[in-house]
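Novice: Below are the structure tokens for one structure; questions will follow.
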Amino acid sequence: MAVLVAEDLIPRDRSGRLVVGGWFGVPHTEGRQRLIFDRRPQNSTECQLDWLALPHGTQLCRCVVGPSETVRGSGDDLQNWFYQLGHSAGWERRNAAGRRLRGSSFTDFGAVPSTFYRVALRVVAMGDHNGPALAQACNEDILSKTGGLQPLETLRLDRKV
């Protein structure tokens with residue numbers, strides 16, 4: 001899920017500062033916290049994907065269905081879905097977070113003692129502005145390949161089938 005990335009491999013902004021995010025938790029269910037990667041510094045340097053085409057659930061509140069028609073959907077919260085989706089090799093340097101770490105403290109993980117590192121995610125982060133689009137595309141692909149999402153039975157927002 002995460003690796004150490006040497007600071008000299010992490011992108012820098014125009015003023016030379018490392019483009020590094022942080023972490024925060026939000027209340028979830030049963031006293032649990034959901035871990036969010038505050039990726040705003042990285043998000044500000046990337047284009048946002050326009051892949052989301054399924055309507056938001058609130059748009060279906062007034063859905064009118066005929067006598068022979070049905071609507072099928074899922075409202076499950078896939079708690080760890082983002083963190084199960086691996087990013088492309090090399091992308092982790094764009095997912096660095098947190099404080100500077102001394103390599104001398106992490107030699108058991110292959111760190112060089114004289115090098116400084118940051119923890120970096122190798123997975124799609126909840127907090128990545130493209131995370132929902134990537135996760136949705138992966139979910140749709142899995143469902144399509146198993147017969148659970150048929151193109152002619154899929155409701156798309158503002159797009160013709």
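Residues in the structure tokens are numbered from 1 in each chain, the chains being A, B, ... in the order shown, and ligands are numbered from 1 in the order shown.
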What's around stretch 47-55 of chain A at 8 Å? Count only C-alpha atoms, leave out sequence neighbours fewer than 4 positions away in its own chain, and write the answer as a ChimeraX atom specification.
Specialist: /A:43,59-60,129-130,132-134,136-137,155-159
Novice: Rounded to one decimal place, report the atom CA of A:Glu7-atom CA of A:Leu35 distance in Å.
Specialist: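 For atom CA of A:Glu7 relative to atom CA of A:Leu35, the distance reads 23.3 Å.
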Novice: For each of A:Pro11, A:Gly16, A:Gly22, A:Gly110, take the minimum atom-to-atom distance to A:Gly98, counting only C-alpha atoms, then give the residue where this is smallest.
Specialist: A:Gly22
Novice: Which residues are close to stretch 146-150 of chain A, i.e. within 12 Å by only C-alpha atoms, leaving aside same-chain residues fewer than 5 positions away? Reply as a list in words.
Specialist: Arg72, Gly73, Ser74, Ala137, Asn139, Glu140, Asp141, Leu155, Arg156 and Val161 of chain A
Novice: Rounded to one decimal in Å, what is the spacing between atom CA of A:Val20 and atom CA of A:Ala89?
Specialist: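 It comes out at 18.2 Å.
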